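This report refers to the structure that appears directly beneath it.
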Amino acid sequence: MNIKDAKDEIRRTLRAYTAPESYRIPRVHQRPILLIGPPGIGKTAIVEQVALECGAGFLSYTMTHHTRQSAIGLPFLTEKEYLGKHFSVTEYTMSEIIASVYQYMEDSGHKTGILFIDEINCVSETLTPVMLQFLQNKTFGNHPVPEGWLIVAAGNPPEYNQSVREFDIVTMDRVKYMEIEAELSVWQDYARDAGIHPAIRSYLSLHPEHFYAMEANADGRHFVTARGWEDLSCILFSYESLGEPVTELLFSEYLRKESIARSFSLYYRWYEKEQKDPRLADFLSGMLDTASSAVLKEALDTASVEERFAAASLTVSFLRNIFEQWSAEKERLLKYRELFSDWHRQETALPVFLKKRLESLSVRQKNGLISISDAQWEREILEKAEDLTLSSVKDRSLNETVRQFYEEKRTAFQTTEKRTAEAVRLACSLFDPGISADPPSLYLITELSKNPLSASFLGSHPVEAYLDASSALLVSDREEALKKAIREVSPDSL
């Protein structure tokens, strides 16, 4: 299964194990989940995401860092009486891991959660029996995992780690086994929401075979993982914002297969070249004159597929910023409308109304009932509205001041909507799909269709150029067409 299906199944399992008693699976039948998949694929990330989204606790341990004593507890002698005689008996303190779960429950208030055990099949020989007991009985030593806690264990297949130990049939028959494979299309959906560097996302659309690689030869192990791409994305953004040079060595530090690192390095240079050319941004902003626009289009029409993909990637990045601005203005306008409507309903003076709202906000912040970002957003709206009470003149009522203010905001938002629609039209005109599917065009239209912000805008603001291109490319039915078209124009792996 892919990582998205695994995440959904973990969520469903957590819900079934922690449901109200009449619906809950009996504890004896609550199998731990065993995730087996390549390293760097996101196993830990999805488990933590499930806990966060479900409002459950999350505690993580990597078993290779543990000894038998820390897992089952330390031995100590105690006195026991059997048949009238006293004996010295060895007992064990509570496992460090189990104790941590109870401490976490005490500190956080979470009564349910996920205990995540990583690298479970890479433990030492002395710890292996402890892990088998843990998976079979949901206990470390004599101490069970608290009720309401789902056990999720993860490990790598033997081909990725020489220290992997196979579990016996008795153990495997007591776990919920999930084998996960790397799947680019699922990761691209994640990457789009997570804001992975556009050069990486477009490169992988051009070279999907380079998304995940793992091989061993006489020179050692060579690999590229989803984790590597995401970490490379972070460092690229940082270097670019700091003005640091992006050298060839940077790519090989994260992409541990030379041919892929070299291939992405060449592509990134195309991306840099397009990024430094101001004509593309000017064109999408409607600021490029007709003659220069024609030259830009002709240059892209005759460019290599790598250069066209780089330009499409920058276009997607530019449009993403435009859509984010549109969404922020829309949200702000809705907040103002909601605020002023509440004021009118309460029939009180605006200064008094705003003072109470600010006091309420401070109380919610103090008690942790609102996030920092939401609090900053709300405070900005309230303080801007508060300024209106100071700017109102004698010959104009406060109602009129508020009405004019809101109309100005609404007019500005309508201008943003028109500018956003025009940017989409220009982008679609720059990458004409023609009769047959052009990979950079398909990439652009797919990104517009799948990004939540752009999909929201285009769903309520039809742009004829996008609709024509989308219809021609049949985005919803052509996931495979993108892969096939890219394979036809991509050279073999270097």
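Convention: chains lettered A, B, ... in structure tokens order; per-chain residue numbering from 1; ligands numbered from 1 as shown.
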
What's the 8 Å shell around Pro440 (chain A), counting only C-alpha atoms, without same-chain residues fewer than 5 positions away, as a list in words?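 Counting only C-alpha atoms, the residues come to Val305, Arg308, Phe309, Ala312 and Phe431 of chain A.
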
Could you save those same residues with N, CA and C atoms as a compact mmCIF listing (two decimals), in the first residue's frame?
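Full text of again_3.txt as output:
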```txt
# COMPACT_ATOMS: atom_id res chain seq x y z
N VAL A 305 12.99 20.45 -23.02
CA VAL A 305 11.91 20.10 -22.11
C VAL A 305 12.29 20.43 -20.67
N ARG A 308 11.70 24.14 -20.22
CA ARG A 308 10.27 24.42 -20.19
C ARG A 308 9.66 23.98 -18.86
N PHE A 309 10.12 22.86 -18.34
CA PHE A 309 9.64 22.41 -17.03
C PHE A 309 10.05 23.39 -15.94
N ALA A 312 7.77 26.27 -16.19
CA ALA A 312 6.45 25.89 -15.68
C ALA A 312 6.45 25.85 -14.16
N PHE A 431 1.98 28.31 -22.02
CA PHE A 431 2.23 26.88 -22.23
C PHE A 431 1.03 26.29 -22.94
```

Exercise: Ala191 (chain A) partners within 9 Å, only C-alpha atoms, chain neighbours under 5 positions left out, as a PyMOL selection string: chain A and resi 186+196-197+201+230

Selection: 6 Å around Ser313 (chain A), only C-alpha atoms, excl. self and same-chain fewer than 3 positions, as an mmCIF file with all heavy atoms, in the first residue's frame:
```
data_model
loop_
_atom_site.group_PDB
_atom_site.id
_atom_site.type_symbol
_atom_site.label_atom_id
_atom_site.label_comp_id
_atom_site.auth_asym_id
_atom_site.auth_seq_id
_atom_site.Cartn_x
_atom_site.Cartn_y
_atom_site.Cartn_z
ATOM 1 N N PRO A 198 9.574 24.214 -5.441
ATOM 2 C CA PRO A 198 8.988 23.954 -6.763
ATOM 3 C C PRO A 198 9.943 23.293 -7.748
ATOM 4 O O PRO A 198 9.510 22.535 -8.617
ATOM 5 C CB PRO A 198 8.570 25.349 -7.244
ATOM 6 C CG PRO A 198 9.313 26.315 -6.383
ATOM 7 C CD PRO A 198 9.502 25.631 -5.078
ATOM 8 N N SER A 202 8.744 19.872 -9.704
ATOM 9 C CA SER A 202 8.688 19.794 -11.166
ATOM 10 C C SER A 202 9.729 18.821 -11.708
ATOM 11 O O SER A 202 9.478 18.118 -12.690
ATOM 12 C CB SER A 202 8.883 21.185 -11.778
ATOM 13 O OG SER A 202 10.108 21.768 -11.376
ATOM 14 N N ALA A 310 11.296 23.909 -16.026
ATOM 15 C CA ALA A 310 11.755 24.890 -15.044
ATOM 16 C C ALA A 310 10.877 26.135 -15.090
ATOM 17 O O ALA A 310 10.494 26.687 -14.050
ATOM 18 C CB ALA A 310 13.216 25.240 -15.310
ATOM 19 N N VAL A 316 4.114 28.062 -11.677
ATOM 20 C CA VAL A 316 3.283 27.508 -10.606
ATOM 21 C C VAL A 316 3.582 28.212 -9.284
ATOM 22 O O VAL A 316 2.670 28.553 -8.523
ATOM 23 C CB VAL A 316 3.529 25.986 -10.474
ATOM 24 C CG1 VAL A 316 2.902 25.437 -9.187
ATOM 25 C CG2 VAL A 316 2.954 25.247 -11.677
#
```

Can you tell me, as a PDB file with N, CA, C and O atoms, in the first residue's frame, which residues in region 188-431 of chain A count as strand (DSSP E or B) by DSSP?
```pdb
ATOM      1  N   ALA A 213      15.265   5.664  -4.769  1.00  0.00           N
ATOM      2  CA  ALA A 213      16.243   4.710  -5.312  1.00  0.00           C
ATOM      3  C   ALA A 213      17.049   4.118  -4.167  1.00  0.00           C
ATOM      4  O   ALA A 213      17.406   4.823  -3.211  1.00  0.00           O
ATOM      5  N   MET A 214      17.324   2.846  -4.263  1.00  0.00           N
ATOM      6  CA  MET A 214      18.112   2.170  -3.247  1.00  0.00           C
ATOM      7  C   MET A 214      18.858   1.023  -3.928  1.00  0.00           C
ATOM      8  O   MET A 214      18.248   0.112  -4.492  1.00  0.00           O
ATOM      9  N   GLU A 215      20.189   1.093  -3.926  1.00  0.00           N
ATOM     10  CA  GLU A 215      20.968   0.029  -4.551  1.00  0.00           C
ATOM     11  C   GLU A 215      22.298  -0.105  -3.826  1.00  0.00           C
ATOM     12  O   GLU A 215      22.763   0.814  -3.154  1.00  0.00           O
ATOM     13  N   ALA A 216      22.896  -1.271  -3.960  1.00  0.00           N
ATOM     14  CA  ALA A 216      24.195  -1.537  -3.352  1.00  0.00           C
ATOM     15  C   ALA A 216      25.108  -2.161  -4.395  1.00  0.00           C
ATOM     16  O   ALA A 216      24.679  -2.995  -5.190  1.00  0.00           O
ATOM     17  N   ASN A 217      26.356  -1.721  -4.414  1.00  0.00           N
ATOM     18  CA  ASN A 217      27.350  -2.313  -5.304  1.00  0.00           C
ATOM     19  C   ASN A 217      28.692  -2.319  -4.593  1.00  0.00           C
ATOM     20  O   ASN A 217      28.772  -2.089  -3.385  1.00  0.00           O
ATOM     21  N   GLY A 220      29.533   0.589  -2.347  1.00  0.00           N
ATOM     22  CA  GLY A 220      28.715   0.866  -1.172  1.00  0.00           C
ATOM     23  C   GLY A 220      27.247   1.001  -1.513  1.00  0.00           C
ATOM     24  O   GLY A 220      26.795   0.585  -2.578  1.00  0.00           O
ATOM     25  N   ARG A 221      26.509   1.590  -0.589  1.00  0.00           N
ATOM     26  CA  ARG A 221      25.071   1.771  -0.772  1.00  0.00           C
ATOM     27  C   ARG A 221      24.794   3.156  -1.346  1.00  0.00           C
ATOM     28  O   ARG A 221      25.354   4.153  -0.895  1.00  0.00           O
ATOM     29  N   HIS A 222      23.890   3.212  -2.312  1.00  0.00           N
ATOM     30  CA  HIS A 222      23.520   4.468  -2.955  1.00  0.00           C
ATOM     31  C   HIS A 222      22.003   4.597  -2.874  1.00  0.00           C
ATOM     32  O   HIS A 222      21.279   3.660  -3.228  1.00  0.00           O
ATOM     33  N   PHE A 223      21.539   5.745  -2.403  1.00  0.00           N
ATOM     34  CA  PHE A 223      20.105   5.855  -2.155  1.00  0.00           C
ATOM     35  C   PHE A 223      19.618   7.287  -2.305  1.00  0.00           C
ATOM     36  O   PHE A 223      20.361   8.256  -2.137  1.00  0.00           O
ATOM     37  N   VAL A 224      18.331   7.392  -2.634  1.00  0.00           N
ATOM     38  CA  VAL A 224      17.592   8.654  -2.638  1.00  0.00           C
ATOM     39  C   VAL A 224      16.242   8.343  -2.027  1.00  0.00           C
ATOM     40  O   VAL A 224      15.576   7.385  -2.423  1.00  0.00           O
ATOM     41  N   ARG A 256      21.966  10.643  -2.305  1.00  0.00           N
ATOM     42  CA  ARG A 256      23.159   9.818  -2.181  1.00  0.00           C
ATOM     43  C   ARG A 256      23.333   8.833  -3.327  1.00  0.00           C
ATOM     44  O   ARG A 256      23.897   7.763  -3.156  1.00  0.00           O
TER      45      ARG A 256
END
```

Between CA of Pro462 (chain A) and CA of Leu430 (chain A), what is the distance in Å, rounded to a tenth? 18.2 Å

Would you list the contacts of Arg364 (chain A) as a PyMOL selection string, taking every protein, DNA or RNA residue within 12 Å and counting only C-alpha atoms, but skipping same-chain residues closer than 6 positions in sequence? chain A and resi 357-358+370-372+374-375+378-379

List the spatial neighbours of Gln188 (chain A) as a ChimeraX atom specification - criterion: any atom at most 12 Å away, only C-alpha atoms, same-chain residues fewer than 5 positions off excluded. /A:3-4,182-183,193-198,200-205,208,211,226,229-230,443,446-447,450-451

Could you tell me, as a PyMOL selection string, which residues of region 201-386 of chain A DSSP assigns to helix (DSSP H, G or I) when given the backbone? chain A and resi 201-206+208-210+226-242+248-254+258-276+279-284+290-301+305-346+350-366+372-386

Those residues with C-alpha atoms, as a compact mmCIF listing (two decimals), in the first residue's frame please?
```txt
# COMPACT_ATOMS: atom_id res chain seq x y z
CA ARG A 201 8.37 18.97 -7.47
CA SER A 202 8.69 19.79 -11.17
CA TYR A 203 11.93 17.81 -11.51
CA LEU A 204 10.27 14.71 -10.09
CA SER A 205 7.35 15.15 -12.48
CA LEU A 206 9.93 15.13 -15.26
CA PRO A 208 9.56 10.15 -11.61
CA GLU A 209 12.06 7.27 -11.65
CA HIS A 210 14.38 9.41 -9.52
CA ALA A 226 11.49 11.05 0.18
CA ARG A 227 13.13 12.33 3.36
CA GLY A 228 16.19 13.34 1.36
CA TRP A 229 14.10 15.36 -1.11
CA GLU A 230 12.20 17.12 1.69
CA ASP A 231 15.36 18.00 3.62
CA LEU A 232 16.99 19.23 0.41
CA SER A 233 13.94 21.44 -0.14
CA CYS A 234 14.43 23.06 3.28
CA ILE A 235 18.11 23.81 2.71
CA LEU A 236 17.44 25.16 -0.78
CA PHE A 237 14.86 27.63 0.52
CA SER A 238 17.27 28.69 3.27
CA TYR A 239 20.27 29.18 0.96
CA GLU A 240 18.16 31.10 -1.55
CA SER A 241 16.73 33.46 1.09
CA LEU A 242 20.17 34.04 2.62
CA GLU A 248 27.11 21.07 -6.86
CA LEU A 249 28.19 19.48 -3.57
CA LEU A 250 24.92 20.41 -1.84
CA PHE A 251 22.84 18.02 -3.94
CA SER A 252 25.12 15.03 -3.34
CA GLU A 253 24.87 15.64 0.42
CA TYR A 254 21.15 14.83 0.32
CA GLU A 258 25.57 10.31 -7.93
CA SER A 259 23.64 10.08 -11.20
CA ILE A 260 20.45 11.51 -9.63
CA ALA A 261 22.33 14.25 -7.77
CA ARG A 262 24.05 15.23 -11.02
CA SER A 263 20.80 15.14 -12.99
CA PHE A 264 18.98 17.36 -10.47
CA SER A 265 21.97 19.72 -10.33
CA LEU A 266 21.73 20.28 -14.10
CA TYR A 267 17.97 20.83 -13.83
CA TYR A 268 18.37 23.29 -10.94
CA ARG A 269 20.71 25.37 -13.10
CA TRP A 270 17.90 25.68 -15.67
CA TYR A 271 15.59 26.67 -12.83
CA GLU A 272 18.08 29.30 -11.61
CA LYS A 273 18.43 30.67 -15.13
CA GLU A 274 14.68 31.08 -15.51
CA GLN A 275 14.38 32.50 -11.99
CA LYS A 276 16.91 35.24 -12.76
CA ARG A 279 10.56 38.53 -18.14
CA LEU A 280 8.54 35.57 -16.84
CA ALA A 281 7.32 37.39 -13.69
CA ASP A 282 6.67 40.55 -15.72
CA PHE A 283 4.68 38.55 -18.27
CA LEU A 284 2.52 36.87 -15.63
CA THR A 290 3.65 42.75 -26.65
CA ALA A 291 6.96 42.48 -28.47
CA SER A 292 8.85 41.16 -25.44
CA SER A 293 6.01 38.71 -24.68
CA ALA A 294 6.27 37.30 -28.21
CA VAL A 295 10.04 36.85 -27.80
CA LEU A 296 9.53 35.06 -24.45
CA LYS A 297 6.92 32.70 -25.94
CA GLU A 298 9.11 31.90 -28.92
CA ALA A 299 12.09 31.19 -26.65
CA LEU A 300 10.04 28.77 -24.55
CA ASP A 301 8.52 27.08 -27.62
CA VAL A 305 11.91 20.10 -22.11
CA GLU A 306 14.02 20.64 -18.97
CA GLU A 307 14.01 24.41 -19.48
CA ARG A 308 10.27 24.42 -20.19
CA PHE A 309 9.64 22.41 -17.03
CA ALA A 310 11.76 24.89 -15.04
CA ALA A 311 9.68 27.76 -16.45
CA ALA A 312 6.45 25.89 -15.68
CA SER A 313 7.67 25.30 -12.13
CA LEU A 314 8.38 29.00 -11.62
CA THR A 315 4.97 29.83 -13.11
CA VAL A 316 3.28 27.51 -10.61
CA SER A 317 5.25 29.13 -7.78
CA PHE A 318 4.26 32.62 -8.98
CA LEU A 319 0.59 31.64 -9.22
CA ARG A 320 0.70 30.03 -5.78
CA ASN A 321 1.73 33.39 -4.30
CA ILE A 322 -1.08 35.10 -6.22
CA PHE A 323 -3.65 32.59 -4.93
CA GLU A 324 -2.36 32.94 -1.36
CA GLN A 325 -2.79 36.71 -1.59
CA TRP A 326 -6.32 36.27 -2.96
CA SER A 327 -7.21 33.81 -0.18
CA ALA A 328 -5.80 36.08 2.55
CA GLU A 329 -7.74 39.09 1.23
CA LYS A 330 -10.91 37.02 0.97
CA GLU A 331 -10.53 35.79 4.55
CA ARG A 332 -9.85 39.31 5.79
CA LEU A 333 -12.93 40.68 4.00
CA LEU A 334 -15.09 37.94 5.51
CA LYS A 335 -13.71 38.73 8.97
CA TYR A 336 -14.55 42.39 8.59
CA ARG A 337 -18.08 41.55 7.43
CA GLU A 338 -18.57 39.19 10.35
CA LEU A 339 -17.20 41.75 12.81
CA PHE A 340 -19.37 44.62 11.61
CA SER A 341 -22.47 42.39 11.42
CA ASP A 342 -21.95 41.35 15.05
CA TRP A 343 -21.59 45.00 16.01
CA HIS A 344 -24.88 45.94 14.35
CA ARG A 345 -26.70 43.01 15.94
CA GLN A 346 -25.57 44.02 19.42
CA LEU A 350 -18.35 50.47 18.27
CA PRO A 351 -15.57 51.48 20.73
CA VAL A 352 -17.30 49.55 23.53
CA PHE A 353 -17.91 46.57 21.25
CA LEU A 354 -14.28 46.43 20.11
CA LYS A 355 -12.97 46.81 23.66
CA LYS A 356 -14.99 43.77 24.76
CA ARG A 357 -13.76 41.76 21.77
CA LEU A 358 -10.13 42.63 22.55
CA GLU A 359 -10.63 41.68 26.20
CA SER A 360 -12.19 38.38 25.14
CA LEU A 361 -9.24 37.74 22.84
CA SER A 362 -6.78 38.33 25.67
CA VAL A 363 -8.62 35.85 27.89
CA ARG A 364 -8.64 33.20 25.15
CA GLN A 365 -4.91 33.74 24.55
CA LYS A 366 -4.11 33.46 28.25
CA ILE A 372 -0.85 32.35 18.16
CA SER A 373 -1.41 32.86 14.42
CA ASP A 374 -5.22 33.10 14.78
CA ALA A 375 -4.81 35.52 17.69
CA GLN A 376 -2.48 37.75 15.68
CA TRP A 377 -4.93 37.67 12.77
CA GLU A 378 -7.93 38.59 14.98
CA ARG A 379 -6.02 41.32 16.81
CA GLU A 380 -5.02 42.89 13.49
CA ILE A 381 -8.66 43.02 12.37
CA LEU A 382 -9.87 44.47 15.69
CA GLU A 383 -7.15 47.11 15.86
CA LYS A 384 -7.82 48.16 12.26
CA ALA A 385 -11.51 48.52 13.08
CA GLU A 386 -10.57 50.46 16.22
```

Please, which residues in region 132-229 of chain A fall within 10 Å of region 20-38 of chain A when counting only C-alpha atoms, and what is the closest atom pair and distance in Å to one decimal for each, ordered by chain then residue number, as a tab-separated table?
```
residue	atom	partner	partner_atom	distance
A:Phe134	CA	A:Pro32	CA	9.2
A:Leu135	CA	A:Pro32	CA	6.5
A:Gln136	CA	A:Arg31	CA	8.3
A:Asn137	CA	A:Val28	CA	8.7
A:Lys138	CA	A:Pro32	CA	7.6
A:Glu147	CA	A:Arg27	CA	7.8
A:Gly148	CA	A:Arg27	CA	9.0
A:Trp149	CA	A:Pro32	CA	9.9
A:Leu150	CA	A:Pro32	CA	6.7
A:Ile151	CA	A:Pro32	CA	4.9
A:Val152	CA	A:Ile33	CA	4.7
A:Ala153	CA	A:Leu34	CA	4.8
A:Ala154	CA	A:Leu35	CA	4.5
A:Gly155	CA	A:Ile36	CA	5.0
A:Asn156	CA	A:Gly37	CA	5.2
A:Pro157	CA	A:Gly37	CA	6.2
A:Pro158	CA	A:Pro38	CA	9.6
A:Glu159	CA	A:Pro38	CA	9.0
A:Tyr160	CA	A:Pro38	CA	6.8
A:Asn161	CA	A:Pro38	CA	9.4
A:Met172	CA	A:Leu34	CA	8.8
A:Asp173	CA	A:Arg31	CA	9.2
A:Arg174	CA	A:Arg31	CA	6.0
A:Val175	CA	A:Arg31	CA	4.9
A:Lys176	CA	A:Ile33	CA	4.6
A:Tyr177	CA	A:Leu34	CA	4.9
A:Met178	CA	A:Leu35	CA	5.0
A:Glu179	CA	A:Ile36	CA	4.9
A:Ile180	CA	A:Gly37	CA	4.8
A:Glu181	CA	A:Gly37	CA	6.1
A:Ala182	CA	A:Pro38	CA	7.6
A:Tyr212	CA	A:Pro38	CA	9.4
A:Ala213	CA	A:Pro38	CA	9.9
A:Met214	CA	A:Pro38	CA	8.8
A:Thr225	CA	A:Pro38	CA	8.5
A:Ala226	CA	A:Pro38	CA	10.0
```

Can you write just those residues out, N, CA, C and O atoms, as a tab-separated table (two decimals), in the first residue's frame?
```
chain	number	residue	atom	x	y	z
A	134	PHE	N	6.51	-8.11	23.41
A	134	PHE	CA	5.80	-6.83	23.30
A	134	PHE	C	4.73	-6.89	22.22
A	134	PHE	O	3.59	-6.49	22.43
A	135	LEU	N	5.07	-7.40	21.05
A	135	LEU	CA	4.11	-7.48	19.95
A	135	LEU	C	3.02	-8.52	20.22
A	135	LEU	O	1.87	-8.33	19.82
A	136	GLN	N	3.38	-9.59	20.89
A	136	GLN	CA	2.40	-10.65	21.14
A	136	GLN	C	1.45	-10.30	22.28
A	136	GLN	O	0.24	-10.56	22.20
A	137	ASN	N	1.99	-9.69	23.35
A	137	ASN	CA	1.19	-9.48	24.56
A	137	ASN	C	0.93	-8.02	24.91
A	137	ASN	O	0.24	-7.73	25.88
A	138	LYS	N	1.55	-7.10	24.14
A	138	LYS	CA	1.40	-5.65	24.40
A	138	LYS	C	1.92	-5.28	25.79
A	138	LYS	O	1.35	-4.45	26.49
A	147	GLU	N	-4.41	0.93	28.62
A	147	GLU	CA	-5.56	0.86	27.72
A	147	GLU	C	-5.78	2.21	27.04
A	147	GLU	O	-5.53	3.26	27.62
A	148	GLY	N	-6.27	2.15	25.81
A	148	GLY	CA	-6.51	3.37	25.05
A	148	GLY	C	-5.32	3.81	24.23
A	148	GLY	O	-5.39	4.83	23.54
A	149	TRP	N	-4.23	3.06	24.31
A	149	TRP	CA	-3.03	3.39	23.55
A	149	TRP	C	-2.80	2.36	22.45
A	149	TRP	O	-2.70	1.16	22.71
A	150	LEU	N	-2.75	2.85	21.22
A	150	LEU	CA	-2.49	2.01	20.05
A	150	LEU	C	-0.98	1.86	19.87
A	150	LEU	O	-0.24	2.84	19.89
A	151	ILE	N	-0.54	0.63	19.69
A	151	ILE	CA	0.88	0.37	19.43
A	151	ILE	C	1.10	0.35	17.92
A	151	ILE	O	0.43	-0.40	17.20
A	152	VAL	N	2.02	1.19	17.46
A	152	VAL	CA	2.44	1.15	16.06
A	152	VAL	C	3.94	0.96	16.04
A	152	VAL	O	4.69	1.77	16.61
A	153	ALA	N	4.37	-0.13	15.42
A	153	ALA	CA	5.80	-0.42	15.31
A	153	ALA	C	6.21	-0.32	13.84
A	153	ALA	O	5.40	-0.57	12.95
A	154	ALA	N	7.44	0.07	13.61
A	154	ALA	CA	7.91	0.24	12.23
A	154	ALA	C	9.28	-0.39	12.07
A	154	ALA	O	10.08	-0.44	13.01
A	155	GLY	N	9.54	-0.85	10.86
A	155	GLY	CA	10.84	-1.43	10.56
A	155	GLY	C	11.11	-1.41	9.07
A	155	GLY	O	10.23	-1.05	8.27
A	156	ASN	N	12.33	-1.75	8.70
A	156	ASN	CA	12.73	-1.77	7.30
A	156	ASN	C	12.80	-3.21	6.79
A	156	ASN	O	13.13	-4.12	7.55
A	157	PRO	N	12.53	-3.43	5.51
A	157	PRO	CA	12.69	-4.76	4.94
A	157	PRO	C	14.16	-5.19	4.98
A	157	PRO	O	15.06	-4.33	5.03
A	158	PRO	N	14.44	-6.49	4.94
A	158	PRO	CA	15.82	-6.98	5.04
A	158	PRO	C	16.75	-6.42	3.97
A	158	PRO	O	17.94	-6.23	4.23
A	159	GLU	N	16.23	-6.15	2.77
A	159	GLU	CA	17.11	-5.68	1.70
A	159	GLU	C	17.67	-4.29	1.96
A	159	GLU	O	18.62	-3.85	1.29
A	160	TYR	N	17.11	-3.56	2.94
A	160	TYR	CA	17.59	-2.22	3.23
A	160	TYR	C	18.46	-2.15	4.48
A	160	TYR	O	19.05	-1.11	4.76
A	161	ASN	N	18.50	-3.21	5.25
A	161	ASN	CA	19.24	-3.19	6.51
A	161	ASN	C	19.72	-4.59	6.85
A	161	ASN	O	18.91	-5.50	7.05
A	172	MET	N	3.90	-12.73	13.88
A	172	MET	CA	3.24	-12.11	12.73
A	172	MET	C	1.74	-12.34	12.75
A	172	MET	O	0.97	-11.54	12.21
A	173	ASP	N	1.32	-13.43	13.40
A	173	ASP	CA	-0.11	-13.74	13.48
A	173	ASP	C	-0.81	-12.93	14.56
A	173	ASP	O	-2.01	-13.07	14.76
A	174	ARG	N	-0.04	-12.08	15.25
A	174	ARG	CA	-0.62	-11.26	16.31
A	174	ARG	C	-0.51	-9.77	16.02
A	174	ARG	O	-0.78	-8.95	16.90
A	175	VAL	N	-0.09	-9.41	14.82
A	175	VAL	CA	0.04	-7.99	14.47
A	175	VAL	C	-0.81	-7.68	13.25
A	175	VAL	O	-1.21	-8.57	12.49
A	176	LYS	N	-1.08	-6.41	13.07
A	176	LYS	CA	-1.77	-5.91	11.88
A	176	LYS	C	-0.67	-5.42	10.94
A	176	LYS	O	-0.10	-4.35	11.13
A	177	TYR	N	-0.38	-6.20	9.93
A	177	TYR	CA	0.80	-6.00	9.09
A	177	TYR	C	0.48	-5.10	7.90
A	177	TYR	O	-0.48	-5.32	7.17
A	178	MET	N	1.30	-4.06	7.70
A	178	MET	CA	1.14	-3.16	6.57
A	178	MET	C	2.49	-3.00	5.88
A	178	MET	O	3.46	-2.55	6.51
A	179	GLU	N	2.56	-3.34	4.63
A	179	GLU	CA	3.78	-3.18	3.84
A	179	GLU	C	3.61	-1.95	2.95
A	179	GLU	O	2.68	-1.87	2.15
A	180	ILE	N	4.51	-0.97	3.12
A	180	ILE	CA	4.37	0.32	2.45
A	180	ILE	C	5.41	0.46	1.35
A	180	ILE	O	6.57	0.09	1.53
A	181	GLU	N	4.99	1.01	0.24
A	181	GLU	CA	5.89	1.27	-0.88
A	181	GLU	C	5.90	2.75	-1.21
A	181	GLU	O	4.93	3.46	-0.96
A	182	ALA	N	7.02	3.21	-1.78
A	182	ALA	CA	7.13	4.60	-2.20
A	182	ALA	C	6.28	4.83	-3.45
A	182	ALA	O	6.36	4.06	-4.40
A	212	TYR	N	12.65	7.71	-5.72
A	212	TYR	CA	13.15	6.81	-4.68
A	212	TYR	C	14.08	5.78	-5.32
A	212	TYR	O	13.71	5.14	-6.31
A	213	ALA	N	15.26	5.66	-4.77
A	213	ALA	CA	16.24	4.71	-5.31
A	213	ALA	C	17.05	4.12	-4.17
A	213	ALA	O	17.41	4.82	-3.21
A	214	MET	N	17.32	2.85	-4.26
A	214	MET	CA	18.11	2.17	-3.25
A	214	MET	C	18.86	1.02	-3.93
A	214	MET	O	18.25	0.11	-4.49
A	225	THR	N	15.82	9.15	-1.04
A	225	THR	CA	14.56	8.89	-0.34
A	225	THR	C	13.68	10.14	-0.33
A	225	THR	O	14.13	11.25	-0.61
A	226	ALA	N	12.42	9.93	0.03
A	226	ALA	CA	11.49	11.05	0.18
A	226	ALA	C	11.99	12.02	1.24
A	226	ALA	O	11.86	13.24	1.11
```

Counting only C-alpha atoms, which residue out of A:Pro439, A:Glu125, A:Ile41, A:Gly57 sits closest to Gly109 (chain A)?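 Using only C-alpha atoms, Gly109 (chain A) sits closest to A:Gly57.
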
What does the structure give for the distance between CA of Gly243 (chain A) and CA of Pro278 (chain A), in Å to one decimal?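 Going from CA of Gly243 (chain A) over to CA of Pro278 (chain A) covers 17.5 Å.
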
With distances taken over only C-alpha atoms, which residue among A:Ala427, A:Ala45, A:Val50, A:Leu255 lies nearest Arg12 (chain A)? A:Val50

List the spatial neighbours of Val47 (chain A) as a list in words - criterion: any atom at most 9 Å away, only C-alpha atoms, same-chain residues fewer than 6 positions off excluded.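 Contacts, in chain order: Lys7, Ile10, Arg11, Phe58, Ile114, Phe116 and Val152 of chain A.
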
For the selection you just gave me, I'd like the residues written to a file as an mmCIF file, in the first residue's frame, keeping C-alpha atoms.
```cif
data_model
loop_
_atom_site.group_PDB
_atom_site.id
_atom_site.type_symbol
_atom_site.label_atom_id
_atom_site.label_comp_id
_atom_site.auth_asym_id
_atom_site.auth_seq_id
_atom_site.Cartn_x
_atom_site.Cartn_y
_atom_site.Cartn_z
ATOM 1 C CA LYS A 7 -2.213 6.706 7.217
ATOM 2 C CA ILE A 10 -3.919 3.783 11.116
ATOM 3 C CA ARG A 11 -6.538 6.471 11.730
ATOM 4 C CA PHE A 58 1.951 10.555 20.671
ATOM 5 C CA ILE A 114 -0.192 6.142 19.927
ATOM 6 C CA PHE A 116 5.325 4.440 18.207
ATOM 7 C CA VAL A 152 2.435 1.154 16.063
#
```

Which of these residues is nearest to Lys418 (chain A), using only C-alpha atoms: A:Asn2, A:Ser397, A:Ser456, A:Ser285? A:Ser285
